[in-house]
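Coordinates from coords12.txt are shown below (compact mmCIF, C-alpha atoms (C1' of nucleotides)).
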# COMPACT_ATOMS: atom_id res chain seq x y z
CA MET A 1 25.96 -28.87 -12.40
CA GLU A 2 24.63 -26.02 -10.38
CA SER A 3 26.79 -23.16 -9.32
CA PRO A 4 26.59 -22.01 -5.69
CA GLU A 5 24.88 -18.76 -6.62
CA GLN A 6 22.35 -20.58 -8.73
CA ARG A 7 21.50 -22.84 -5.88
CA ARG A 8 21.12 -20.02 -3.41
CA GLU A 9 18.93 -18.21 -5.87
CA ARG A 10 16.80 -21.26 -6.52
CA ARG A 11 16.31 -21.87 -2.82
CA ARG A 12 15.41 -18.29 -2.30
CA ALA A 13 12.83 -18.50 -5.06
CA GLU A 14 11.41 -21.68 -3.57
CA LYS A 15 11.07 -20.15 -0.16
CA ARG A 16 9.49 -17.09 -1.70
CA GLN A 17 6.95 -19.27 -3.38
CA ALA A 18 6.31 -21.19 -0.18
CA ILE A 19 5.58 -17.98 1.67
CA ARG A 20 3.33 -16.87 -1.17
CA LEU A 21 1.34 -20.04 -1.00
CA ALA A 22 1.00 -19.73 2.75
CA ALA A 23 -0.31 -16.19 2.32
CA VAL A 24 -2.78 -17.08 -0.41
CA ARG A 25 -4.04 -20.17 1.35
CA LEU A 26 -4.61 -18.11 4.44
CA ALA A 27 -6.47 -15.48 2.44
CA LEU A 28 -8.69 -18.04 0.77
CA ASP A 29 -9.36 -20.00 3.95
CA GLU A 30 -9.74 -17.29 6.54
CA GLY A 31 -10.48 -14.18 4.52
CA LEU A 32 -8.33 -11.24 3.57
CA ASP A 33 -8.63 -9.66 7.00
CA ALA A 34 -6.89 -12.65 8.53
CA VAL A 35 -3.84 -12.03 6.40
CA THR A 36 -1.43 -10.17 8.62
CA VAL A 37 2.30 -10.45 8.27
CA GLU A 38 2.35 -12.09 11.65
CA ALA A 39 -0.19 -14.73 10.64
CA VAL A 40 1.47 -15.47 7.33
CA SER A 41 4.83 -15.77 9.01
CA ALA A 42 3.42 -18.21 11.51
CA VAL A 43 2.00 -20.42 8.76
CA ALA A 44 5.20 -20.19 6.74
CA ASP A 45 7.22 -20.86 9.86
CA ILE A 46 9.43 -17.81 9.67
CA SER A 47 9.72 -14.70 11.75
CA PRO A 48 7.77 -11.60 10.73
CA ARG A 49 11.04 -9.84 10.15
CA THR A 50 12.10 -12.49 7.69
CA PHE A 51 8.90 -12.02 5.74
CA PHE A 52 10.18 -8.61 4.74
CA ASN A 53 13.43 -10.10 3.57
CA TYR A 54 11.41 -11.78 0.87
CA PHE A 55 8.69 -9.26 0.11
CA ALA A 56 8.75 -5.50 0.17
CA SER A 57 5.12 -5.38 1.13
CA LYS A 58 2.39 -7.68 2.33
CA GLU A 59 0.48 -7.35 -0.92
CA GLU A 60 3.42 -8.50 -2.95
CA ALA A 61 3.02 -11.93 -1.41
CA LEU A 62 -0.62 -12.10 -2.46
CA VAL A 63 -0.14 -11.73 -6.19
CA MET A 64 1.69 -14.06 -8.48
CA GLU A 65 5.21 -13.47 -9.63
CA PRO A 66 4.97 -11.56 -12.92
CA VAL A 67 5.53 -13.96 -15.79
CA TRP A 68 7.29 -11.36 -17.89
CA ARG A 69 9.22 -8.21 -17.20
CA PRO A 70 9.38 -5.01 -19.25
CA ASP A 71 12.90 -5.96 -20.31
CA ASP A 72 11.66 -9.29 -21.65
CA ILE A 73 9.23 -7.46 -23.87
CA VAL A 74 11.86 -5.08 -25.14
CA GLY A 75 14.07 -8.07 -25.79
CA LEU A 76 11.42 -9.99 -27.67
CA LEU A 77 10.58 -6.92 -29.67
CA GLY A 78 14.22 -6.50 -30.58
CA GLU A 79 14.30 -10.04 -31.95
CA ARG A 80 11.61 -9.34 -34.51
CA PRO A 81 12.67 -8.66 -38.11
CA PRO A 82 13.55 -4.98 -38.38
CA ASP A 83 11.20 -4.33 -41.27
CA GLU A 84 8.17 -6.03 -39.74
CA PRO A 85 5.24 -3.68 -39.11
CA ALA A 86 4.83 -2.73 -35.48
CA PHE A 87 1.45 -4.33 -35.07
CA GLN A 88 2.66 -7.69 -36.36
CA SER A 89 5.65 -7.57 -34.04
CA LEU A 90 3.53 -6.83 -31.03
CA LYS A 91 1.13 -9.59 -31.93
CA ALA A 92 4.00 -12.04 -32.14
CA VAL A 93 5.41 -10.83 -28.84
CA ALA A 94 2.04 -11.19 -27.16
CA ARG A 95 1.71 -14.71 -28.45
CA GLU A 96 5.16 -15.57 -27.16
CA LEU A 97 4.16 -14.22 -23.75
CA ALA A 98 1.08 -16.40 -23.77
CA VAL A 99 3.22 -19.42 -24.60
CA ARG A 100 5.56 -18.66 -21.74
CA MET A 101 2.62 -18.50 -19.44
CA ARG A 102 1.48 -22.01 -20.27
CA PRO A 103 3.76 -23.98 -17.92
CA VAL A 104 2.85 -21.89 -14.90
CA TRP A 105 -0.84 -21.72 -15.67
CA ASP A 106 -1.74 -24.29 -13.05
CA THR A 107 0.10 -22.60 -10.25
CA MET A 108 -1.80 -19.43 -11.09
CA GLN A 109 -5.08 -21.01 -10.09
CA PRO A 110 -5.23 -20.00 -6.41
CA PHE A 111 -4.16 -16.48 -7.29
CA MET A 112 -6.92 -16.24 -9.88
CA GLU A 113 -9.43 -17.36 -7.32
CA LEU A 114 -8.22 -14.78 -4.84
CA ASN A 115 -8.27 -12.24 -7.63
CA ASN A 116 -11.93 -12.94 -8.29
CA ARG A 117 -12.86 -12.49 -4.68
CA HIS A 118 -10.82 -9.33 -4.21
CA PRO A 119 -10.37 -7.51 -7.49
CA GLU A 120 -8.70 -4.53 -5.84
CA LEU A 121 -5.68 -6.62 -4.92
CA ALA A 122 -4.30 -7.64 -8.27
CA ALA A 123 -5.35 -4.30 -9.68
CA ARG A 124 -2.65 -2.52 -7.74
CA ALA A 125 -0.01 -5.07 -8.46
CA ARG A 126 -0.75 -5.23 -12.16
CA ALA A 127 -0.97 -1.47 -12.36
CA VAL A 128 2.63 -0.97 -11.39
CA ASP A 129 3.69 -3.55 -13.95
CA GLN A 130 1.53 -1.86 -16.51
CA THR A 131 3.04 1.58 -16.11
CA GLN A 132 6.49 0.12 -15.98
CA ILE A 133 5.85 -1.68 -19.24
CA MET A 134 4.54 1.55 -20.73
CA GLU A 135 7.53 3.55 -19.61
CA THR A 136 10.06 1.00 -20.72
CA VAL A 137 8.60 -0.35 -23.93
CA LEU A 138 7.13 2.80 -25.41
CA GLY A 139 10.44 3.93 -26.80
CA ALA A 140 11.03 0.57 -28.45
CA VAL A 141 7.61 0.65 -30.08
CA ARG A 142 8.19 4.15 -31.36
CA ALA A 143 11.31 2.98 -33.13
CA ARG A 144 9.38 0.33 -35.07
CA PRO A 145 8.55 0.87 -38.73
CA GLY A 146 5.09 2.20 -39.48
CA VAL A 147 4.60 3.95 -36.18
CA THR A 148 3.47 7.37 -37.23
CA SER A 149 3.03 9.30 -33.99
CA GLY A 150 3.28 9.24 -30.24
CA ILE A 151 -0.37 8.44 -29.86
CA HIS A 152 0.01 5.63 -32.36
CA ALA A 153 2.79 4.03 -30.31
CA ARG A 154 0.73 4.42 -27.15
CA MET A 155 -2.35 2.86 -28.68
CA LEU A 156 -0.42 -0.05 -30.12
CA LEU A 157 1.11 -0.84 -26.78
CA ILE A 158 -1.92 -0.34 -24.61
CA THR A 159 -4.03 -2.40 -26.98
CA THR A 160 -1.53 -5.23 -26.94
CA ILE A 161 -1.39 -5.25 -23.16
CA GLY A 162 -5.15 -5.03 -23.16
CA ALA A 163 -5.41 -8.04 -25.43
CA VAL A 164 -3.20 -10.13 -23.18
CA ILE A 165 -5.02 -9.11 -20.02
CA SER A 166 -8.43 -9.58 -21.61
CA ALA A 167 -7.50 -13.03 -22.83
CA ILE A 168 -6.28 -14.06 -19.41
CA GLN A 169 -9.33 -12.74 -17.62
CA GLU A 170 -11.79 -14.12 -20.10
CA SER A 171 -10.04 -17.44 -19.94
CA ALA A 172 -10.34 -17.45 -16.18
CA ALA A 173 -14.04 -16.67 -16.50
CA THR A 174 -14.97 -19.13 -19.23
CA ASP A 175 -12.21 -21.76 -19.27
CA GLU A 176 -11.54 -21.21 -22.94
CA PRO A 177 -7.84 -21.54 -23.78
CA VAL A 178 -5.89 -18.31 -23.50
CA GLU A 179 -4.09 -18.58 -26.78
CA GLU A 180 -7.27 -18.90 -28.79
CA LEU A 181 -8.76 -15.93 -27.01
CA LEU A 182 -5.63 -13.95 -27.67
CA ASP A 183 -5.82 -14.70 -31.38
CA GLU A 184 -9.45 -13.74 -31.35
CA ALA A 185 -8.60 -10.47 -29.63
CA PHE A 186 -6.01 -9.58 -32.24
CA ALA A 187 -8.34 -10.55 -35.04
CA LEU A 188 -10.92 -8.16 -33.62
CA ILE A 189 -8.41 -5.35 -33.50
CA GLU A 190 -7.36 -5.96 -37.05
CA ARG A 191 -10.87 -5.58 -38.33
CA GLY A 192 -11.35 -2.37 -36.33
CA LEU A 193 -13.30 -3.89 -33.45
CA MET B 194 -30.70 28.83 -3.87
CA GLU B 195 -28.53 26.25 -2.23
CA SER B 196 -29.97 23.63 0.02
CA PRO B 197 -28.27 22.98 3.37
CA GLU B 198 -26.96 19.59 2.28
CA GLN B 199 -25.61 21.04 -0.92
CA ARG B 200 -23.72 23.65 0.96
CA ARG B 201 -22.24 21.18 3.39
CA GLU B 202 -21.24 19.00 0.52
CA ARG B 203 -19.68 21.86 -1.38
CA ARG B 204 -17.68 22.97 1.64
CA ARG B 205 -16.52 19.47 2.21
CA ALA B 206 -15.37 19.22 -1.39
CA GLU B 207 -13.55 22.51 -1.10
CA LYS B 208 -11.75 21.45 2.02
CA ARG B 209 -10.88 18.17 0.39
CA GLN B 210 -9.38 20.03 -2.51
CA ALA B 211 -7.48 22.34 -0.17
CA ILE B 212 -5.93 19.38 1.60
CA ARG B 213 -5.10 17.83 -1.76
CA LEU B 214 -3.32 20.93 -2.89
CA ALA B 215 -1.38 21.10 0.35
CA ALA B 216 -0.29 17.50 -0.12
CA VAL B 217 0.74 17.94 -3.73
CA ARG B 218 2.54 21.19 -3.14
CA LEU B 219 4.45 19.53 -0.34
CA ALA B 220 5.34 16.60 -2.56
CA LEU B 221 6.55 18.85 -5.36
CA ASP B 222 8.47 21.18 -3.08
CA GLU B 223 10.01 18.82 -0.57
CA GLY B 224 9.88 15.46 -2.25
CA LEU B 225 7.62 12.50 -1.76
CA ASP B 226 9.40 11.39 1.39
CA ALA B 227 8.43 14.60 3.10
CA VAL B 228 4.76 13.81 2.59
CA THR B 229 3.61 12.35 5.86
CA VAL B 230 0.09 12.72 7.10
CA GLU B 231 1.44 14.80 9.92
CA ALA B 232 3.23 17.19 7.57
CA VAL B 233 0.29 17.54 5.22
CA SER B 234 -2.04 18.16 8.11
CA ALA B 235 0.24 20.87 9.40
CA VAL B 236 0.27 22.65 6.04
CA ALA B 237 -3.47 22.24 5.63
CA ASP B 238 -3.99 23.40 9.20
CA ILE B 239 -5.97 20.43 10.39
CA SER B 240 -5.26 17.64 12.82
CA PRO B 241 -3.83 14.37 11.50
CA ARG B 242 -6.97 12.64 12.59
CA THR B 243 -9.07 14.97 10.50
CA PHE B 244 -7.01 14.14 7.45
CA PHE B 245 -8.48 10.66 7.57
CA ASN B 246 -11.98 12.06 7.72
CA TYR B 247 -11.37 13.31 4.20
CA PHE B 248 -9.17 10.62 2.71
CA ALA B 249 -9.10 6.91 3.29
CA SER B 250 -5.38 6.81 2.60
CA LYS B 251 -2.47 9.15 2.19
CA GLU B 252 -2.13 8.33 -1.48
CA GLU B 253 -5.70 9.30 -2.20
CA ALA B 254 -4.76 12.88 -1.44
CA LEU B 255 -1.94 12.81 -3.96
CA VAL B 256 -3.98 11.96 -7.04
CA MET B 257 -6.69 14.02 -8.59
CA GLU B 258 -10.35 13.40 -8.00
CA PRO B 259 -11.51 11.07 -10.76
CA VAL B 260 -13.36 13.08 -13.38
CA TRP B 261 -15.79 10.28 -14.11
CA ARG B 262 -17.15 7.32 -12.23
CA PRO B 263 -18.10 3.90 -13.54
CA ASP B 264 -21.75 4.82 -13.06
CA ASP B 265 -21.32 7.89 -15.25
CA ILE B 266 -20.04 5.72 -18.04
CA VAL B 267 -22.89 3.28 -17.71
CA GLY B 268 -25.26 6.23 -17.72
CA LEU B 269 -23.77 7.79 -20.81
CA LEU B 270 -23.80 4.47 -22.54
CA GLY B 271 -27.44 4.04 -21.72
CA GLU B 272 -28.25 7.36 -23.37
CA ARG B 273 -26.91 6.25 -26.73
CA PRO B 274 -29.40 5.13 -29.38
CA PRO B 275 -30.21 1.47 -28.73
CA ASP B 276 -29.34 0.38 -32.26
CA GLU B 277 -26.00 2.17 -32.43
CA PRO B 278 -23.03 -0.18 -32.85
CA ALA B 279 -21.04 -0.65 -29.67
CA PHE B 280 -17.87 0.89 -30.98
CA GLN B 281 -19.62 4.08 -32.06
CA SER B 282 -21.29 4.37 -28.68
CA LEU B 283 -18.04 3.98 -26.81
CA LYS B 284 -16.37 6.52 -29.03
CA ALA B 285 -19.12 8.99 -28.30
CA VAL B 286 -18.90 8.29 -24.59
CA ALA B 287 -15.14 8.76 -24.61
CA ARG B 288 -15.54 12.06 -26.37
CA GLU B 289 -18.09 13.19 -23.84
CA LEU B 290 -15.66 12.26 -21.05
CA ALA B 291 -12.96 14.33 -22.70
CA VAL B 292 -15.33 17.28 -22.91
CA ARG B 293 -16.15 16.98 -19.24
CA MET B 294 -12.49 17.03 -18.47
CA ARG B 295 -11.94 20.37 -20.17
CA PRO B 296 -13.01 22.69 -17.34
CA VAL B 297 -10.81 20.99 -14.79
CA TRP B 298 -7.81 20.59 -17.06
CA ASP B 299 -5.92 23.45 -15.47
CA THR B 300 -6.30 22.20 -11.95
CA MET B 301 -4.87 18.89 -13.10
CA GLN B 302 -1.52 20.49 -13.85
CA PRO B 303 0.25 19.94 -10.51
CA PHE B 304 -0.99 16.38 -10.38
CA MET B 305 0.37 15.72 -13.84
CA GLU B 306 3.72 17.08 -12.79
CA LEU B 307 3.78 14.87 -9.71
CA ASN B 308 2.68 12.00 -11.89
CA ASN B 309 5.68 12.48 -14.14
CA ARG B 310 8.10 12.49 -11.27
CA HIS B 311 6.55 9.48 -9.54
CA PRO B 312 4.76 7.25 -12.03
CA GLU B 313 4.07 4.57 -9.43
CA LEU B 314 1.71 6.88 -7.59
CA ALA B 315 -1.01 7.46 -10.14
CA ALA B 316 -0.58 3.90 -11.34
CA ARG B 317 -2.12 2.53 -8.18
CA ALA B 318 -4.89 5.05 -8.06
CA ARG B 319 -5.80 4.64 -11.70
CA ALA B 320 -5.64 0.88 -11.40
CA VAL B 321 -8.47 0.70 -8.93
CA ASP B 322 -10.58 2.95 -11.12
CA GLN B 323 -9.74 0.86 -14.11
CA THR B 324 -10.81 -2.44 -12.62
CA GLN B 325 -13.91 -0.84 -11.20
CA ILE B 326 -14.82 0.47 -14.61
CA MET B 327 -14.18 -2.94 -16.09
CA GLU B 328 -16.33 -4.69 -13.52
CA THR B 329 -19.16 -2.24 -13.75
CA VAL B 330 -19.31 -1.35 -17.41
CA LEU B 331 -18.54 -4.71 -18.95
CA GLY B 332 -22.10 -5.91 -18.59
CA ALA B 333 -23.45 -2.79 -20.26
CA VAL B 334 -21.07 -3.19 -23.19
CA ARG B 335 -22.05 -6.81 -23.61
CA ALA B 336 -25.66 -5.77 -23.99
CA ARG B 337 -24.85 -3.47 -26.91
CA PRO B 338 -25.70 -4.52 -30.45
CA GLY B 339 -22.87 -6.04 -32.46
CA VAL B 340 -20.93 -7.36 -29.48
CA THR B 341 -20.29 -10.91 -30.46
CA SER B 342 -18.40 -12.41 -27.51
CA GLY B 343 -16.99 -11.86 -24.08
CA ILE B 344 -13.57 -11.12 -25.44
CA HIS B 345 -15.09 -8.65 -27.86
CA ALA B 346 -16.72 -6.72 -25.05
CA ARG B 347 -13.49 -6.74 -23.07
CA MET B 348 -11.44 -5.48 -26.00
CA LEU B 349 -13.90 -2.74 -26.81
CA LEU B 350 -13.84 -1.47 -23.29
CA ILE B 351 -10.15 -1.76 -22.62
CA THR B 352 -9.35 -0.10 -25.91
CA THR B 353 -11.66 2.79 -25.17
CA ILE B 354 -10.15 3.30 -21.74
CA GLY B 355 -6.75 2.98 -23.35
CA ALA B 356 -7.61 5.65 -25.88
CA VAL B 357 -8.68 8.09 -23.20
CA ILE B 358 -5.63 7.45 -21.05
CA SER B 359 -3.26 7.58 -24.01
CA ALA B 360 -4.75 10.86 -25.16
CA ILE B 361 -4.36 12.38 -21.71
CA GLN B 362 -0.80 11.21 -21.28
CA GLU B 363 0.28 12.18 -24.76
CA SER B 364 -1.32 15.55 -24.29
CA ALA B 365 0.59 16.02 -21.08
CA ALA B 366 3.79 15.11 -22.86
CA THR B 367 3.36 17.15 -26.04
CA ASP B 368 0.79 19.84 -25.22
CA GLU B 369 -1.40 18.82 -28.11
CA PRO B 370 -5.10 19.16 -27.28
CA VAL B 371 -6.64 16.06 -25.74
CA GLU B 372 -9.69 15.94 -27.91
CA GLU B 373 -7.74 15.89 -31.13
CA LEU B 374 -5.52 13.15 -29.81
CA LEU B 375 -8.57 11.19 -28.76
CA ASP B 376 -10.05 11.44 -32.24
CA GLU B 377 -6.75 10.37 -33.67
CA ALA B 378 -6.64 7.39 -31.33
CA PHE B 379 -10.09 6.23 -32.40
CA ALA B 380 -9.26 6.75 -36.04
CA LEU B 381 -6.24 4.50 -35.58
CA ILE B 382 -8.35 1.80 -34.00
CA GLU B 383 -10.90 1.97 -36.79
CA ARG B 384 -8.29 1.31 -39.41
CA GLY B 385 -6.87 -1.61 -37.40
CA LEU B 386 -3.92 0.25 -35.91
C1' DT C 387 35.34 -33.48 12.03
C1' DT C 388 36.41 -28.96 12.98
C1' DC C 389 37.14 -24.32 11.84
C1' DG C 390 36.55 -19.96 9.70
C1' DT C 391 33.93 -17.44 6.28
C1' DT C 392 29.75 -15.93 4.49
C1' DA C 393 24.81 -15.70 4.03
C1' DT C 394 20.47 -15.85 6.45
C1' DT C 395 17.45 -15.28 10.19
C1' DT C 396 15.88 -12.98 13.96
C1' DG C 397 14.83 -9.49 17.78
C1' DC C 398 14.42 -4.86 18.87
C1' DA C 399 13.52 -0.14 18.40
C1' DC C 400 11.31 3.10 15.75
C1' DA C 401 8.54 5.84 12.35
C1' DC C 402 4.49 5.79 10.05
C1' DT C 403 -0.46 4.59 8.42
C1' DC C 404 -5.06 3.96 9.60
C1' DT C 405 -9.35 2.92 12.73
C1' DG C 406 -12.77 3.18 16.55
C1' DC C 407 -14.40 5.72 20.11
C1' DA C 408 -15.78 9.42 22.92
C1' DA C 409 -15.33 14.16 24.19
C1' DG C 410 -15.16 18.83 22.79
C1' DA C 411 -16.06 22.73 19.60
C1' DC C 412 -18.69 24.69 16.07
C1' DT C 413 -22.90 25.49 12.95
C1' DT C 414 -27.49 25.85 12.08
C1' DG C 415 -32.19 26.53 12.24
C1' DC C 416 -35.58 27.97 15.14
C1' DG D 417 -29.83 32.10 22.83
C1' DC D 418 -30.95 27.27 22.78
C1' DA D 419 -31.18 22.62 21.02
C1' DA D 420 -29.79 19.49 17.45
C1' DG D 421 -26.86 17.97 14.60
C1' DT D 422 -22.17 18.06 12.41
C1' DC D 423 -17.23 18.46 12.39
C1' DT D 424 -12.92 18.20 14.62
C1' DT D 425 -9.78 16.39 17.68
C1' DG D 426 -7.07 13.39 21.03
C1' DC D 427 -6.07 8.99 22.42
C1' DA D 428 -5.28 4.25 22.36
C1' DG D 429 -4.23 0.44 19.65
C1' DA D 430 -3.35 -2.73 15.68
C1' DG D 431 -0.68 -3.21 11.72
C1' DT D 432 3.09 -2.24 8.11
C1' DG D 433 7.71 -1.58 6.98
C1' DT D 434 12.99 -0.40 7.90
C1' DG D 435 17.73 -0.14 9.93
C1' DC D 436 20.87 -2.26 12.80
C1' DA D 437 23.36 -5.65 15.22
C1' DA D 438 23.48 -10.12 17.30
C1' DA D 439 22.57 -14.97 16.83
C1' DT D 440 22.16 -19.00 13.62
C1' DA D 441 22.83 -21.72 9.95
C1' DA D 442 25.28 -23.22 5.69
C1' DC D 443 29.39 -24.04 3.26
C1' DG D 444 33.97 -25.10 1.76
C1' DA D 445 38.59 -26.16 3.09
C1' DA D 446 42.03 -28.16 6.00
If you convert what's in this file into structure tokens, what do you get?
Amino acid sequence: MESPEQRRERRRAEKRQAIRLAAVRLALDEGLDAVTVEAVSAVADISPRTFFNYFASKEEALVMEPVWRPDDIVGLLGERPPDEPAFQSLKAVARELAVRMRPVWDTMQPFMELNNRHPELAARARAVDQTQIMETVLGAVRARPGVTSGIHARMLLITTIGAVISAIQESAATDEPVEELLDEAFALIERGL
Amino acid sequence: MESPEQRRERRRAEKRQAIRLAAVRLALDEGLDAVTVEAVSAVADISPRTFFNYFASKEEALVMEPVWRPDDIVGLLGERPPDEPAFQSLKAVARELAVRMRPVWDTMQPFMELNNRHPELAARARAVDQTQIMETVLGAVRARPGVTSGIHARMLLITTIGAVISAIQESAATDEPVEELLDEAFALIERGL
DNA sequence: TTCGTTATTTGCACACTCTGCAAGACTTGC
DNA sequence: GCAAGTCTTGCAGAGTGTGCAAATAACGAA
């Protein structure tokens, strides 16, 4: 069974997604300039005020819900064997993230398309995620065995994030499967690029 | 001698910098909430309308002028020997960027401080740069010898950018010199992290 | 079904960002 | 000191985002 809170939360998430889709469809059909809160609200059949009950900003509705949160990464990292070298752990975590992405890959399609047409959009959204990940996960990486310095931790993390992002983008550009590209990316790192 | 256009341009840059400093000082002294265009304009002794003749957005005044542009990087890359392996070229370019940063390092101080207090700020600004660099430079990297695939080019570039950013941030956190940290970062990459 | 509780939606007022336009002030070179 | 261009400014207007309180809708219990 579903508890009352769960149901409310699910409905909320559904509505959020519905508004998102309305916003993205509008952007793809009529151009980014046509995307005003008023217009999106009209399509989604809600009042403009309600829009802001679901999104803190207009842009937030134009990028996909992040598939993973900084806490997820810290969690996954914590589940790795304590004596595993940092690089191996991060590789495993990255692969797990890619796996989690698989079921939602299809729904990402319109967002990818929008992303291609307006690179500046997703840039901002991803950027915040990126710094948040940095801030949150850096400490956890530092604590891993084999991490010799601050710059080492930073490079490990930024390279891992880079691998994931590169794999996603390259996959969007060439239709190769993400997971293969991710493996390829890590292989390249291991042999010093 | 200075040509008329050069002088106008220099003055414009100076005024831009003056407004920037007013904005950052305000942010550091009174908090980010106190930074409205009106307030900044008052401190900088210009009209609010004039503010927008110098900056396209409020945030633009709160982050430092980018030290390098995508075109610079493409240019530097083009100056490398044609048969040099891609990784070596990028390393050299990164080092050159670090050198160029040296003279302005001091002026970056207040921005760094603001950056520490409000990570979300610089995130957005840097993000746009980052994607722009990606978009612009990726083709040039692909054309380098030894670049075997799209994902290879992407990883080379993102890792280089990552090295530069990591070095800057670590330097801000520990006061170690940027250039040494940058060398260390590249050394780490070369031995597969 | 009806009622009372609780969550959600909405309207309204307001502060703020940013743009186009046209008028005014200021610089320059001659 | 004038003519040409440049820079600054005010103003009007569209759009984003927030707090508050009233109206609506949803839900469980009697």
* Interatomic distance (Å, one decimal) between atom CA of B:Ala227 and atom CA of B:Pro241 -> 14.9 Å
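Of note, atom CA of B:Ala232 and atom C1' of C:DC404 are spaced 15.7 Å apart.
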Residues near B:Ala333, cut-off 10 Å, all atoms listed in the file, skip fewer than 6 positions along chain, as a compact mmCIF listing (two decimals) with C-alpha atoms, in the coordinates of the input:
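Just written: part.txt:
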# COMPACT_ATOMS: atom_id res chain seq x y z
CA ILE B 266 -20.04 5.72 -18.04
CA VAL B 267 -22.89 3.28 -17.71
CA GLY B 268 -25.26 6.23 -17.72
CA LEU B 270 -23.80 4.47 -22.54
CA GLY B 271 -27.44 4.04 -21.72
CA ALA B 279 -21.04 -0.65 -29.67
CA ALA B 346 -16.72 -6.72 -25.05
* Asked: Can you tell me, as a VMD selection string, which residues sit within 10 Å of (-13.7, 6.9, 17.1) in the file's frame, using all atoms listed in the file?
  -> (chain B and resid 242) or (chain C and resid 405 to 408) or (chain D and resid 427)
* atom CA of B:Asn309 to atom CA of A:Glu135: how many Å, to one decimal? ->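 A separation of 10.6 Å between them.
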Can I get the residues of chain B within 8 Å of chain A, each with the closest pair of atoms and their distance in Å to one decimal, using all atoms listed in the file, sorted chain first then ascending number, as a tab-separated table?
residue	atom	partner	partner_atom	distance
B:Phe280	CA	A:Leu193	CA	7.1
B:Pro312	CA	A:Thr131	CA	7.2
B:Glu313	CA	A:Val128	CA	6.1
B:Ala316	CA	A:Ala127	CA	5.5
B:Arg317	CA	A:Arg124	CA	5.1
B:Ala318	CA	A:Arg124	CA	7.9
B:Arg319	CA	A:Ala127	CA	7.8
B:Ala320	CA	A:Ala127	CA	5.3
B:Val321	CA	A:Ala123	CA	5.9
B:Thr324	CA	A:Ala123	CA	6.5
B:Gly343	CA	A:Glu170	CA	6.9
B:Ile344	CA	A:Glu170	CA	6.4
B:His345	CA	A:Ala185	CA	7.0
B:Arg347	CA	A:Ser166	CA	6.0
B:Met348	CA	A:Ala163	CA	6.6
B:Leu349	CA	A:Leu193	CA	6.8
B:Ile351	CA	A:Gly162	CA	6.0
B:Thr352	CA	A:Thr159	CA	5.9
B:Gly355	CA	A:Ile158	CA	6.0
B:Ala356	CA	A:Met155	CA	6.6
B:Ser359	CA	A:Arg154	CA	6.0
B:Ala360	CA	A:Ile151	CA	6.9
B:Glu363	CA	A:Ile151	CA	6.4
B:Leu374	CA	A:Ile151	CA	7.0
B:Glu377	CA	A:Ile151	CA	7.7
B:Ala378	CA	A:Ile151	CA	6.5
B:Leu381	CA	A:His152	CA	7.1
B:Ile382	CA	A:Gly192	CA	5.6
B:Glu383	CA	A:Gly192	CA	4.4
B:Arg384	CA	A:Gly192	CA	5.7
B:Gly385	CA	A:Glu190	CA	4.4
B:Leu386	CA	A:Leu156	CA	6.8
So that each row is one residue of chain A with an atom at most 12 Å from chain C, can you give its shortest atom pair and the distance in Å to one decimal, using only C-alpha atoms (C1' of nucleotides), rows by chain and rising number, as a tab-separated table?
residue	atom	partner	partner_atom	distance
A:Pro4	CA	C:DA393	C1'	11.7
A:Glu5	CA	C:DA393	C1'	11.1
A:Arg8	CA	C:DA393	C1'	9.4
A:Glu9	CA	C:DA393	C1'	11.8
A:Arg11	CA	C:DT394	C1'	11.8
A:Arg12	CA	C:DT394	C1'	10.4
A:Asp45	CA	C:DT395	C1'	11.7
A:Ile46	CA	C:DT395	C1'	8.4
A:Ser47	CA	C:DT396	C1'	6.8
A:Pro48	CA	C:DT396	C1'	8.8
A:Arg49	CA	C:DT396	C1'	6.9
A:Thr50	CA	C:DT395	C1'	6.5
A:Phe51	CA	C:DT395	C1'	10.2
A:Phe52	CA	C:DT395	C1'	11.3
A:Asn53	CA	C:DT395	C1'	9.3
A:Tyr54	CA	C:DT394	C1'	11.4
Please identify every residue of chain A that has at least one atom no farther than 9 Å from an atom of chain D, counting all atoms listed in the file, and for each give the shortest atom pair and the distance in Å to one decimal, arranged by chain then increasing number, as JSON lines.
{"residue": "A:Thr36", "atom": "CA", "partner": "D:DG431", "partner_atom": "C1'", "distance": 7.7}
{"residue": "A:Val37", "atom": "CA", "partner": "D:DT432", "partner_atom": "C1'", "distance": 8.2}
{"residue": "A:Phe52", "atom": "CA", "partner": "D:DG433", "partner_atom": "C1'", "distance": 7.8}
{"residue": "A:Ala56", "atom": "CA", "partner": "D:DG433", "partner_atom": "C1'", "distance": 7.9}
{"residue": "A:Ser57", "atom": "CA", "partner": "D:DG433", "partner_atom": "C1'", "distance": 7.4}
{"residue": "A:Lys58", "atom": "CA", "partner": "D:DT432", "partner_atom": "C1'", "distance": 8.0}
For the residues in that selection, give me C-alpha atoms as a PDB file, in the frame of the given file.
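Below you can see selection31.pdb, which holds the result:
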ATOM      1  CA  THR A  36      -1.430 -10.170   8.620  1.00  0.00           C
ATOM      2  CA  VAL A  37       2.300 -10.450   8.270  1.00  0.00           C
ATOM      3  CA  PHE A  52      10.180  -8.610   4.740  1.00  0.00           C
ATOM      4  CA  ALA A  56       8.750  -5.500   0.170  1.00  0.00           C
ATOM      5  CA  SER A  57       5.120  -5.380   1.130  1.00  0.00           C
ATOM      6  CA  LYS A  58       2.390  -7.680   2.330  1.00  0.00           C
TER       7      LYS A  58
END
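If all atoms listed in the file are the atoms counted, then among B:Met294, B:Ala336, B:Ala206, B:Ala211 the closest residue to B:Pro275 is B:Ala336.
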